[in-house]
file input.pdb (PDB, C-alpha atoms, pLDDT in the B column)
ATOM      1  CA  MET B   1     -24.728  75.056  26.855  1.00 57.00           C
ATOM      2  CA  GLU B   2     -24.437  72.789  29.862  1.00 74.00           C
ATOM      3  CA  ARG B   3     -28.119  71.861  29.899  1.00 77.00           C
ATOM      4  CA  ASN B   4     -27.974  70.870  26.223  1.00 79.00           C
ATOM      5  CA  LYS B   5     -24.982  68.646  26.977  1.00 81.00           C
ATOM      6  CA  LEU B   6     -26.950  67.000  29.774  1.00 83.00           C
ATOM      7  CA  LEU B   7     -29.814  66.268  27.401  1.00 83.00           C
ATOM      8  CA  ILE B   8     -27.382  64.835  24.855  1.00 84.00           C
ATOM      9  CA  ASP B   9     -25.905  62.637  27.603  1.00 81.00           C
ATOM     10  CA  LEU B  10     -29.448  61.425  28.298  1.00 81.00           C
ATOM     11  CA  GLY B  11     -29.766  60.245  24.703  1.00 85.00           C
ATOM     12  CA  LEU B  12     -31.111  63.206  22.702  1.00 87.00           C
ATOM     13  CA  SER B  13     -29.379  64.386  19.556  1.00 88.00           C
ATOM     14  CA  GLU B  14     -27.924  67.906  19.518  1.00 90.00           C
ATOM     15  CA  LYS B  15     -30.828  69.312  17.481  1.00 90.00           C
ATOM     16  CA  GLN B  16     -33.409  67.442  19.534  1.00 89.00           C
ATOM     17  CA  ALA B  17     -31.898  69.004  22.653  1.00 88.00           C
ATOM     18  CA  ARG B  18     -31.880  72.510  21.162  1.00 90.00           C
ATOM     19  CA  THR B  19     -35.488  72.137  20.010  1.00 89.00           C
ATOM     20  CA  TYR B  20     -36.644  70.786  23.370  1.00 89.00           C
ATOM     21  CA  VAL B  21     -34.965  73.606  25.332  1.00 89.00           C
ATOM     22  CA  ALA B  22     -36.453  76.221  22.999  1.00 89.00           C
ATOM     23  CA  ILE B  23     -39.977  74.833  23.492  1.00 88.00           C
ATOM     24  CA  LEU B  24     -39.371  74.560  27.239  1.00 88.00           C
ATOM     25  CA  GLU B  25     -38.370  78.229  27.404  1.00 89.00           C
ATOM     26  CA  LEU B  26     -41.213  79.480  25.178  1.00 88.00           C
ATOM     27  CA  GLY B  27     -43.900  77.630  27.096  1.00 85.00           C
ATOM     28  CA  SER B  28     -46.265  77.260  24.156  1.00 85.00           C
ATOM     29  CA  ALA B  29     -45.474  78.488  20.673  1.00 86.00           C
ATOM     30  CA  PRO B  30     -45.954  77.815  16.965  1.00 88.00           C
ATOM     31  CA  ILE B  31     -43.152  76.539  14.768  1.00 89.00           C
ATOM     32  CA  LYS B  32     -41.574  79.856  13.712  1.00 90.00           C
ATOM     33  CA  PRO B  33     -40.513  81.072  17.199  1.00 88.00           C
ATOM     34  CA  VAL B  34     -39.336  77.578  18.077  1.00 88.00           C
ATOM     35  CA  ALA B  35     -37.105  77.441  14.989  1.00 89.00           C
ATOM     36  CA  GLN B  36     -35.747  80.937  15.640  1.00 89.00           C
ATOM     37  CA  ARG B  37     -34.966  80.279  19.302  1.00 88.00           C
ATOM     38  CA  SER B  38     -33.421  76.847  18.733  1.00 87.00           C
ATOM     39  CA  GLY B  39     -31.371  77.850  15.690  1.00 89.00           C
ATOM     40  CA  VAL B  40     -32.633  74.776  13.851  1.00 87.00           C
ATOM     41  CA  LYS B  41     -33.795  75.332  10.261  1.00 87.00           C
ATOM     42  CA  ARG B  42     -37.541  75.468   9.932  1.00 83.00           C
ATOM     43  CA  THR B  43     -37.430  73.048   7.019  1.00 83.00           C
ATOM     44  CA  SER B  44     -35.998  70.282   9.218  1.00 86.00           C
ATOM     45  CA  ILE B  45     -37.215  71.148  12.717  1.00 89.00           C
ATOM     46  CA  TYR B  46     -40.506  69.301  12.160  1.00 87.00           C
ATOM     47  CA  ASN B  47     -38.591  66.006  12.142  1.00 89.00           C
ATOM     48  CA  PHE B  48     -37.025  66.721  15.541  1.00 89.00           C
ATOM     49  CA  ILE B  49     -40.339  67.871  17.012  1.00 89.00           C
ATOM     50  CA  ASP B  50     -42.023  64.676  15.809  1.00 89.00           C
ATOM     51  CA  GLU B  51     -39.258  62.660  17.503  1.00 90.00           C
ATOM     52  CA  LEU B  52     -39.711  64.619  20.749  1.00 88.00           C
ATOM     53  CA  VAL B  53     -43.467  64.032  20.583  1.00 89.00           C
ATOM     54  CA  GLY B  54     -42.786  60.336  20.126  1.00 89.00           C
ATOM     55  CA  LEU B  55     -40.621  60.364  23.269  1.00 89.00           C
ATOM     56  CA  GLY B  56     -43.368  62.083  25.223  1.00 90.00           C
ATOM     57  CA  LEU B  57     -41.233  65.186  25.791  1.00 90.00           C
ATOM     58  CA  VAL B  58     -43.400  67.528  23.694  1.00 90.00           C
ATOM     59  CA  THR B  59     -47.134  67.811  23.079  1.00 89.00           C
ATOM     60  CA  GLN B  60     -48.931  69.655  20.293  1.00 87.00           C
ATOM     61  CA  THR B  61     -52.299  71.408  20.241  1.00 87.00           C
ATOM     62  CA  LYS B  62     -54.309  73.367  17.683  1.00 85.00           C
ATOM     63  CA  VAL B  63     -54.736  77.088  18.366  1.00 84.00           C
ATOM     64  CA  GLY B  64     -56.925  78.358  15.570  1.00 83.00           C
ATOM     65  CA  ARG B  65     -55.255  77.225  12.368  1.00 84.00           C
ATOM     66  CA  ALA B  66     -51.774  77.025  13.896  1.00 83.00           C
ATOM     67  CA  THR B  67     -50.177  74.142  15.706  1.00 87.00           C
ATOM     68  CA  HIS B  68     -48.611  75.100  19.026  1.00 89.00           C
ATOM     69  CA  TYR B  69     -45.934  73.040  20.757  1.00 89.00           C
ATOM     70  CA  GLN B  70     -45.506  72.695  24.489  1.00 89.00           C
ATOM     71  CA  ALA B  71     -42.932  70.816  26.559  1.00 88.00           C
ATOM     72  CA  SER B  72     -44.098  68.065  28.866  1.00 87.00           C
ATOM     73  CA  PRO B  73     -43.080  68.449  32.535  1.00 88.00           C
ATOM     74  CA  PRO B  74     -39.278  67.978  32.860  1.00 87.00           C
ATOM     75  CA  SER B  75     -39.962  64.998  35.132  1.00 89.00           C
ATOM     76  CA  ARG B  76     -40.702  63.157  31.870  1.00 89.00           C
ATOM     77  CA  LEU B  77     -36.924  63.081  31.304  1.00 87.00           C
ATOM     78  CA  ALA B  78     -36.492  60.950  34.417  1.00 89.00           C
ATOM     79  CA  GLU B  79     -39.435  58.734  33.439  1.00 90.00           C
ATOM     80  CA  LEU B  80     -37.881  58.199  30.023  1.00 88.00           C
ATOM     81  CA  GLN B  81     -34.587  57.090  31.567  1.00 89.00           C
ATOM     82  CA  ARG B  82     -36.404  54.675  33.887  1.00 90.00           C
ATOM     83  CA  GLU B  83     -38.240  53.192  30.907  1.00 88.00           C
ATOM     84  CA  ARG B  84     -34.955  52.771  29.036  1.00 87.00           C
ATOM     85  CA  LEU B  85     -33.311  51.176  32.064  1.00 88.00           C
ATOM     86  CA  LYS B  86     -36.227  48.750  32.407  1.00 89.00           C
ATOM     87  CA  SER B  87     -35.895  47.799  28.741  1.00 88.00           C
ATOM     88  CA  ILE B  88     -32.164  47.210  29.182  1.00 88.00           C
ATOM     89  CA  GLU B  89     -32.724  45.046  32.262  1.00 88.00           C
ATOM     90  CA  GLN B  90     -35.317  42.968  30.404  1.00 88.00           C
ATOM     91  CA  ALA B  91     -32.883  42.457  27.523  1.00 86.00           C
ATOM     92  CA  LEU B  92     -29.907  41.576  29.741  1.00 84.00           C
ATOM     93  CA  PRO B  93     -30.480  37.788  29.749  1.00 81.00           C
ATOM     94  CA  GLU B  94     -30.387  37.747  25.949  1.00 81.00           C
ATOM     95  CA  PHE B  95     -27.238  39.895  25.803  1.00 79.00           C
ATOM     96  CA  THR B  96     -25.607  37.874  28.587  1.00 75.00           C
ATOM     97  CA  ALA B  97     -26.235  34.642  26.715  1.00 71.00           C
ATOM     98  CA  LEU B  98     -24.640  36.169  23.634  1.00 70.00           C
ATOM     99  CA  TYR B  99     -21.696  37.438  25.690  1.00 67.00           C
ATOM    100  CA  ASN B 100     -21.096  34.002  27.225  1.00 64.00           C
ATOM    101  CA  THR B 101     -21.063  32.257  23.864  1.00 60.00           C
ATOM    102  CA  LEU B 102     -18.740  34.640  22.067  1.00 54.00           C
ATOM    103  CA  SER B 103     -15.628  32.668  22.983  1.00 56.00           C
ATOM    104  CA  THR B 104     -14.466  29.745  25.058  1.00 62.00           C
ATOM    105  CA  LYS B 105     -11.154  31.495  25.683  1.00 72.00           C
ATOM    106  CA  PRO B 106     -10.483  33.190  29.036  1.00 80.00           C
ATOM    107  CA  ARG B 107     -11.254  36.894  29.221  1.00 85.00           C
ATOM    108  CA  ILE B 108      -8.256  38.785  30.566  1.00 88.00           C
ATOM    109  CA  HIS B 109      -8.375  42.401  31.758  1.00 91.00           C
ATOM    110  CA  TYR B 110      -5.158  44.270  32.587  1.00 90.00           C
ATOM    111  CA  PHE B 111      -5.078  47.264  34.946  1.00 91.00           C
ATOM    112  CA  VAL B 112      -2.269  49.705  35.743  1.00 90.00           C
ATOM    113  CA  GLY B 113      -2.219  52.148  38.662  1.00 87.00           C
ATOM    114  CA  ILE B 114      -4.348  52.577  41.775  1.00 85.00           C
ATOM    115  CA  GLU B 115      -7.522  53.857  40.093  1.00 86.00           C
ATOM    116  CA  GLN B 116      -7.606  51.069  37.506  1.00 90.00           C
ATOM    117  CA  MET B 117      -6.749  48.352  40.036  1.00 87.00           C
ATOM    118  CA  LYS B 118      -9.814  49.289  42.080  1.00 88.00           C
ATOM    119  CA  ASN B 119     -11.843  47.575  39.356  1.00 89.00           C
ATOM    120  CA  ILE B 120     -10.541  44.221  40.551  1.00 91.00           C
ATOM    121  CA  VAL B 121     -11.684  44.760  44.131  1.00 90.00           C
ATOM    122  CA  HIS B 122     -15.085  46.029  42.941  1.00 91.00           C
ATOM    123  CA  GLU B 123     -15.680  42.485  41.675  1.00 93.00           C
ATOM    124  CA  GLU B 124     -16.112  41.547  45.334  1.00 93.00           C
ATOM    125  CA  THR B 125     -19.358  43.513  45.545  1.00 92.00           C
ATOM    126  CA  ARG B 126     -20.725  41.670  42.483  1.00 93.00           C
ATOM    127  CA  CYS B 127     -20.418  38.263  44.132  1.00 95.00           C
ATOM    128  CA  LYS B 128     -23.535  36.282  45.001  1.00 93.00           C
ATOM    129  CA  LYS B 129     -22.382  34.833  48.311  1.00 94.00           C
ATOM    130  CA  GLU B 130     -18.626  34.795  48.888  1.00 95.00           C
ATOM    131  CA  ALA B 131     -15.223  36.100  47.870  1.00 95.00           C
ATOM    132  CA  LEU B 132     -11.875  34.574  48.857  1.00 96.00           C
ATOM    133  CA  TYR B 133      -8.575  36.394  49.311  1.00 94.00           C
ATOM    134  CA  ILE B 134      -4.911  35.739  49.846  1.00 92.00           C
ATOM    135  CA  TRP B 135      -3.760  39.072  51.248  1.00 86.00           C
ATOM    136  CA  PRO B 136      -0.007  39.462  51.900  1.00 81.00           C
ATOM    137  CA  ASN B 137       0.352  42.726  53.802  1.00 77.00           C
ATOM    138  CA  GLU B 138      -0.843  46.237  54.511  1.00 77.00           C
ATOM    139  CA  GLN B 139       1.157  47.559  51.570  1.00 78.00           C
ATOM    140  CA  THR B 140      -1.199  45.703  49.259  1.00 78.00           C
ATOM    141  CA  THR B 141      -4.090  47.693  50.735  1.00 81.00           C
ATOM    142  CA  GLU B 142      -2.336  50.954  49.897  1.00 80.00           C
ATOM    143  CA  THR B 143      -1.607  49.776  46.360  1.00 79.00           C
ATOM    144  CA  ILE B 144      -5.302  49.424  45.491  1.00 80.00           C
ATOM    145  CA  GLY B 145      -6.628  52.609  47.075  1.00 78.00           C
ATOM    146  CA  GLY B 146      -5.906  52.569  50.792  1.00 80.00           C
ATOM    147  CA  LYS B 147      -7.996  52.082  53.897  1.00 81.00           C
ATOM    148  CA  ARG B 148     -10.718  54.577  52.983  1.00 84.00           C
ATOM    149  CA  PHE B 149     -11.444  52.806  49.699  1.00 87.00           C
ATOM    150  CA  MET B 150     -11.371  49.358  51.293  1.00 86.00           C
ATOM    151  CA  ASP B 151     -13.698  50.517  54.058  1.00 87.00           C
ATOM    152  CA  LYS B 152     -16.196  51.682  51.419  1.00 89.00           C
ATOM    153  CA  ILE B 153     -15.970  48.317  49.634  1.00 89.00           C
ATOM    154  CA  ASN B 154     -16.463  46.475  52.920  1.00 89.00           C
ATOM    155  CA  GLN B 155     -19.555  48.532  53.771  1.00 90.00           C
ATOM    156  CA  GLU B 156     -21.149  47.718  50.421  1.00 91.00           C
ATOM    157  CA  ARG B 157     -20.189  44.043  50.691  1.00 91.00           C
ATOM    158  CA  ILE B 158     -21.604  43.676  54.204  1.00 91.00           C
ATOM    159  CA  SER B 159     -24.844  45.432  53.207  1.00 92.00           C
ATOM    160  CA  LYS B 160     -25.283  42.814  50.455  1.00 93.00           C
ATOM    161  CA  GLY B 161     -24.534  39.897  52.773  1.00 93.00           C
ATOM    162  CA  ILE B 162     -21.401  38.805  50.893  1.00 94.00           C
ATOM    163  CA  ARG B 163     -19.037  36.775  53.051  1.00 94.00           C
ATOM    164  CA  ILE B 164     -15.237  36.857  52.912  1.00 92.00           C
ATOM    165  CA  ARG B 165     -12.658  34.196  53.697  1.00 94.00           C
ATOM    166  CA  SER B 166      -9.203  35.703  53.748  1.00 92.00           C
ATOM    167  CA  ILE B 167      -5.720  34.305  54.329  1.00 91.00           C
ATOM    168  CA  ARG B 168      -3.210  36.868  55.586  1.00 86.00           C
ATOM    169  CA  PHE B 169       0.470  36.849  56.334  1.00 80.00           C
ATOM    170  CA  HIS B 170       1.097  39.874  58.534  1.00 62.00           C
ATOM    171  CA  ASP B 171       1.303  40.019  62.316  1.00 54.00           C
ATOM    172  CA  PRO B 172      -2.055  38.801  63.739  1.00 51.00           C
ATOM    173  CA  GLY B 173      -2.021  41.718  66.162  1.00 47.00           C
ATOM    174  CA  LEU B 174      -1.979  44.342  63.381  1.00 51.00           C
ATOM    175  CA  ARG B 175      -5.424  45.839  62.777  1.00 51.00           C
ATOM    176  CA  LEU B 176      -5.959  47.350  59.353  1.00 53.00           C
ATOM    177  CA  LEU B 177      -9.650  48.220  59.278  1.00 53.00           C
ATOM    178  CA  GLU B 178     -12.553  47.808  61.660  1.00 50.00           C
ATOM    179  CA  ARG B 179     -14.607  46.050  58.976  1.00 53.00           C
ATOM    180  CA  SER B 180     -11.667  43.841  58.055  1.00 62.00           C
ATOM    181  CA  GLN B 181     -11.668  42.176  61.444  1.00 67.00           C
ATOM    182  CA  HIS B 182     -12.523  38.519  61.947  1.00 66.00           C
ATOM    183  CA  GLY B 183     -16.084  37.891  63.085  1.00 66.00           C
ATOM    184  CA  ARG B 184     -19.749  37.505  62.160  1.00 76.00           C
ATOM    185  CA  LYS B 185     -20.415  41.250  62.321  1.00 80.00           C
ATOM    186  CA  ASN B 186     -18.109  41.850  59.375  1.00 83.00           C
ATOM    187  CA  LEU B 187     -18.997  38.584  57.584  1.00 88.00           C
ATOM    188  CA  LEU B 188     -15.277  37.803  57.605  1.00 89.00           C
ATOM    189  CA  THR B 189     -13.513  34.557  58.428  1.00 90.00           C
ATOM    190  CA  LEU B 190      -9.799  35.128  58.689  1.00 89.00           C
ATOM    191  CA  HIS B 191      -6.868  32.722  58.779  1.00 91.00           C
ATOM    192  CA  PHE B 192      -3.195  33.520  59.250  1.00 88.00           C
ATOM    193  CA  ALA B 193      -0.681  31.612  57.147  1.00 87.00           C
ATOM    194  CA  ASP B 194       2.715  30.502  58.365  1.00 77.00           C
ATOM    195  CA  VAL B 195       5.126  33.446  58.667  1.00 69.00           C
ATOM    196  CA  ASP B 196       7.617  31.579  56.485  1.00 72.00           C
ATOM    197  CA  TYR B 197       5.476  32.317  53.443  1.00 71.00           C
ATOM    198  CA  LYS B 198       6.606  35.595  51.876  1.00 73.00           C
ATOM    199  CA  ILE B 199       4.637  36.955  48.917  1.00 79.00           C
ATOM    200  CA  ASN B 200       3.788  40.442  47.659  1.00 81.00           C
ATOM    201  CA  MET B 201       0.963  39.716  45.221  1.00 87.00           C
ATOM    202  CA  ALA B 202      -2.616  39.389  46.430  1.00 90.00           C
ATOM    203  CA  MET B 203      -5.231  37.128  44.899  1.00 94.00           C
ATOM    204  CA  GLY B 204      -9.007  37.389  44.886  1.00 95.00           C
ATOM    205  CA  LEU B 205     -11.334  34.517  44.000  1.00 96.00           C
ATOM    206  CA  TYR B 206     -14.852  35.631  43.178  1.00 96.00           C
ATOM    207  CA  ASP B 207     -17.923  33.454  42.771  1.00 94.00           C
ATOM    208  CA  THR B 208     -18.594  35.372  39.554  1.00 92.00           C
ATOM    209  CA  GLY B 209     -16.026  32.981  38.062  1.00 92.00           C
ATOM    210  CA  LYS B 210     -13.201  35.504  38.013  1.00 94.00           C
ATOM    211  CA  VAL B 211      -9.730  35.496  39.541  1.00 96.00           C
ATOM    212  CA  GLY B 212      -7.895  38.701  40.346  1.00 95.00           C
ATOM    213  CA  PHE B 213      -4.198  39.300  40.955  1.00 94.00           C
ATOM    214  CA  PHE B 214      -2.805  42.600  42.197  1.00 88.00           C
ATOM    215  CA  GLY B 215       0.554  43.480  43.675  1.00 82.00           C
ATOM    216  CA  ILE B 216       2.666  46.284  45.053  1.00 80.00           C
ATOM    217  CA  GLU B 217       4.267  46.910  41.651  1.00 84.00           C
ATOM    218  CA  GLY B 218       1.132  48.790  40.651  1.00 85.00           C
ATOM    219  CA  PHE B 219      -0.578  46.482  38.168  1.00 89.00           C
ATOM    220  CA  GLY B 220      -3.361  43.931  38.317  1.00 91.00           C
ATOM    221  CA  ILE B 221      -5.060  41.295  36.204  1.00 93.00           C
ATOM    222  CA  LEU B 222      -8.662  40.080  36.300  1.00 94.00           C
ATOM    223  CA  ILE B 223      -9.208  36.766  34.516  1.00 94.00           C
ATOM    224  CA  GLU B 224     -12.531  35.112  33.746  1.00 91.00           C
ATOM    225  CA  SER B 225     -11.726  31.424  33.347  1.00 91.00           C
ATOM    226  CA  LYS B 226     -13.559  28.443  34.797  1.00 89.00           C
ATOM    227  CA  GLU B 227     -10.459  26.241  34.702  1.00 92.00           C
ATOM    228  CA  LEU B 228      -8.212  28.828  36.365  1.00 93.00           C
ATOM    229  CA  HIS B 229     -10.861  29.552  38.990  1.00 94.00           C
ATOM    230  CA  GLN B 230     -11.126  25.837  39.856  1.00 94.00           C
ATOM    231  CA  LEU B 231      -7.349  25.470  40.105  1.00 96.00           C
ATOM    232  CA  MET B 232      -6.847  28.534  42.301  1.00 95.00           C
ATOM    233  CA  LEU B 233      -9.790  27.500  44.485  1.00 95.00           C
ATOM    234  CA  LEU B 234      -8.115  24.130  45.091  1.00 96.00           C
ATOM    235  CA  LEU B 235      -4.821  25.819  46.041  1.00 95.00           C
ATOM    236  CA  PHE B 236      -6.647  28.286  48.277  1.00 95.00           C
ATOM    237  CA  GLU B 237      -8.426  25.503  50.162  1.00 95.00           C
ATOM    238  CA  LEU B 238      -5.152  23.622  50.692  1.00 94.00           C
ATOM    239  CA  LEU B 239      -3.526  26.730  52.159  1.00 92.00           C
ATOM    240  CA  TRP B 240      -6.664  27.494  54.183  1.00 93.00           C
ATOM    241  CA  LYS B 241      -6.436  24.107  55.909  1.00 93.00           C
ATOM    242  CA  LYS B 242      -2.792  24.696  56.784  1.00 90.00           C
ATOM    243  CA  SER B 243      -3.462  28.195  58.147  1.00 90.00           C
ATOM    244  CA  LYS B 244      -4.477  29.145  61.669  1.00 88.00           C
ATOM    245  CA  PRO B 245      -7.944  30.577  62.397  1.00 89.00           C
ATOM    246  CA  ALA B 246      -7.944  34.119  63.726  1.00 83.00           C
ATOM    247  CA  LYS B 247      -9.521  35.142  66.988  1.00 78.00           C
ATOM    248  CA  LYS B 248     -12.551  37.417  67.097  1.00 71.00           C
ATOM    249  CA  GLY B 249     -11.566  41.002  66.334  1.00 64.00           C
ATOM    250  CA  GLU B 250      -8.200  40.179  64.788  1.00 67.00           C
ATOM    251  CA  GLY B 251      -7.380  41.543  61.362  1.00 63.00           C
TER     252      GLY B 251
END

call {"tool": "encode", "arguments": {"input": "input.pdb", "output": "structure tokens"}}
result
Amino acid sequence: MERNKLLIDLGLSEKQARTYVAILELGSAPIKPVAQRSGVKRTSIYNFIDELVGLGLVTQTKVGRATHYQASPPSRLAELQRERLKSIEQALPEFTALYNTLSTKPRIHYFVGIEQMKNIVHEETRCKKEALYIWPNEQTTETIGGKRFMDKINQERISKGIRIRSIRFHDPGLRLLERSQHGRKNLLTLHFADVDYKINMAMGLYDTGKVGFFGIEGFGILIESKELHQLMLLLFELLWKKSKPAKKGEG
């Protein structure tokens, strides 16, 4: 059933889920009705009940000589997930340290198609302070999800206070998106490169240490490499100095 699948997605085993739902439906009952309703063998159901008690999802009380089982309020499911999330967050520094020491080689991720290429642009919202772009044309915007997707990314970026410096090549009078316009409101500083430069692949430089490339051919690459990031940052700054600052509202 759908509710059992939800419980399994939340981390319960199939038989834990069936046992929990049976107890939830019965209200308060001894072991025999619980086993019958859940379809779990009585000889093994005690193990699953003990596990549910340990998770705080089930309580047990004595009624005469029999032990009755009762489900805790369903809100306990949400509490349990919050506790697990807190544990994960506390362990993240340890896992991150392990992740960073696994290899000194660059980590390269390859994406094909619009939906996959969106992963590259999502890196923008993970930045601490700033992301840099070389953005050739409006066609690039369509290749990675279109204006609606980019507007959503821009909203999230602006809400987090992440600034953008972007070099573009199209006509300065062409407006793509309201939140992609030069100015403090959109946390965007825009330069226009010389019209003699003709490229079709965009590049993103993220202060997470990653460099993204995505083009109109429908594929993209996200590379985590300190050396590559430093090199592309140098090239970006050289082109930035040679480019012309946009006027307020252009973009």

call {"tool": "closest_residue", "arguments": {"input": "input.pdb", "among": "B:Thr125, B:Ile23, B:Leu55, B:Ile221", "to": "Arg84 in chain B", "atoms": "only C-alpha atoms"}}
result
B:Leu55

call {"tool": "atom_distance", "arguments": {"input": "input.pdb", "atom1": "CA of Leu190 in chain B", "atom2": "CA of Ile167 in chain B"}}
result
6.0 Å

call {"tool": "resolve_selection", "arguments": {"input": "input.pdb", "expression": "the PyMOL selection byres ((chain B and resi 229) around 9)", "output": "list in words"}}
result
Leu205, Tyr206, Asp207, Gly209, Lys210, Val211, Ile223, Glu224, Ser225, Lys226, Glu227, Leu228, Gln230, Leu231, Met232, Leu233 and Leu234 of chain B

call {"tool": "closest_residue", "arguments": {"input": "input.pdb", "among": "B:Val21, B:Ala193, B:Ala202, B:Ala246", "to": "Asn4 in chain B", "atoms": "only C-alpha atoms"}}
result
B:Val21

call {"tool": "residues_around", "arguments": {"input": "input.pdb", "residues": "range 9-12 of chain B", "least_positions_apart": "6", "cutoff": "9 Å", "atoms": "only C-alpha atoms", "output": "list in words"}}
result
Leu52, Leu77 and Gln81 of chain B

call {"tool": "atom_distance", "arguments": {"input": "input.pdb", "atom1": "CA of Pro245 in chain B", "atom2": "CA of Met203 in chain B"}}
result
18.9 Å

call {"tool": "atom_distance", "arguments": {"input": "input.pdb", "atom1": "CA of Lys247 in chain B", "atom2": "CA of Glu138 in chain B"}}
result
18.8 Å

call {"tool": "resolve_selection", "arguments": {"input": "input.pdb", "expression": "the PyMOL selection byres ((chain B and resi 243) around 12)", "output": "list of chain:residue names"}}
result
B:Ile134, B:Arg165, B:Ser166, B:Ile167, B:Arg168, B:Phe169, B:Thr189, B:Leu190, B:His191, B:Phe192, B:Ala193, B:Asp194, B:Val195, B:Asp196, B:Tyr197, B:Phe236, B:Glu237, B:Leu238, B:Leu239, B:Trp240, B:Lys241, B:Lys242, B:Lys244, B:Pro245, B:Ala246

call {"tool": "write_last_selection", "arguments": {"input": "input.pdb", "atoms": "C-alpha atoms", "output": "tab-separated table (two decimals), keeping the file's coordinate frame"}}
result
chain	number	residue	atom	x	y	z
B	134	ILE	CA	-4.91	35.74	49.85
B	165	ARG	CA	-12.66	34.20	53.70
B	166	SER	CA	-9.20	35.70	53.75
B	167	ILE	CA	-5.72	34.30	54.33
B	168	ARG	CA	-3.21	36.87	55.59
B	169	PHE	CA	0.47	36.85	56.33
B	189	THR	CA	-13.51	34.56	58.43
B	190	LEU	CA	-9.80	35.13	58.69
B	191	HIS	CA	-6.87	32.72	58.78
B	192	PHE	CA	-3.20	33.52	59.25
B	193	ALA	CA	-0.68	31.61	57.15
B	194	ASP	CA	2.72	30.50	58.36
B	195	VAL	CA	5.13	33.45	58.67
B	196	ASP	CA	7.62	31.58	56.48
B	197	TYR	CA	5.48	32.32	53.44
B	236	PHE	CA	-6.65	28.29	48.28
B	237	GLU	CA	-8.43	25.50	50.16
B	238	LEU	CA	-5.15	23.62	50.69
B	239	LEU	CA	-3.53	26.73	52.16
B	240	TRP	CA	-6.66	27.49	54.18
B	241	LYS	CA	-6.44	24.11	55.91
B	242	LYS	CA	-2.79	24.70	56.78
B	244	LYS	CA	-4.48	29.14	61.67
B	245	PRO	CA	-7.94	30.58	62.40
B	246	ALA	CA	-7.94	34.12	63.73

call {"tool": "residues_around", "arguments": {"input": "input.pdb", "residues": "Ile164 in chain B", "least_positions_apart": "4", "cutoff": "12 Å", "atoms": "only C-alpha atoms", "output": "PyMOL selection string"}}
result
chain B and resi 124-125+127-135+153-154+157-158+160+179-191+204-207

call {"tool": "residues_near_point", "arguments": {"input": "input.pdb", "point": "(-42.4, 80.9, 16.0)", "cutoff": "12 Å", "atoms": "all atoms listed in the file", "output": "list in words"}}
result
Thr19, Ala22, Ile23, Leu26, Gly27, Ser28, Ala29, Pro30, Ile31, Lys32, Pro33, Val34, Ala35, Gln36, Arg37, Ser38, Gly39, Val40, Lys41, Arg42, Ile45, Ala66, Thr67, His68 and Tyr69 of chain B

call {"tool": "closest_residue", "arguments": {"input": "input.pdb", "among": "B:Ser75, B:Asn137, B:Thr143, B:Gln60", "to": "Gln116 in chain B", "atoms": "all atoms listed in the file"}}
result
B:Thr143

call {"tool": "residues_around", "arguments": {"input": "input.pdb", "residues": "Ile144 in chain B", "least_positions_apart": "4", "cutoff": "8 Å", "atoms": "all atoms listed in the file", "output": "PyMOL selection string"}}
result
chain B and resi 113-115+117-118+140+214
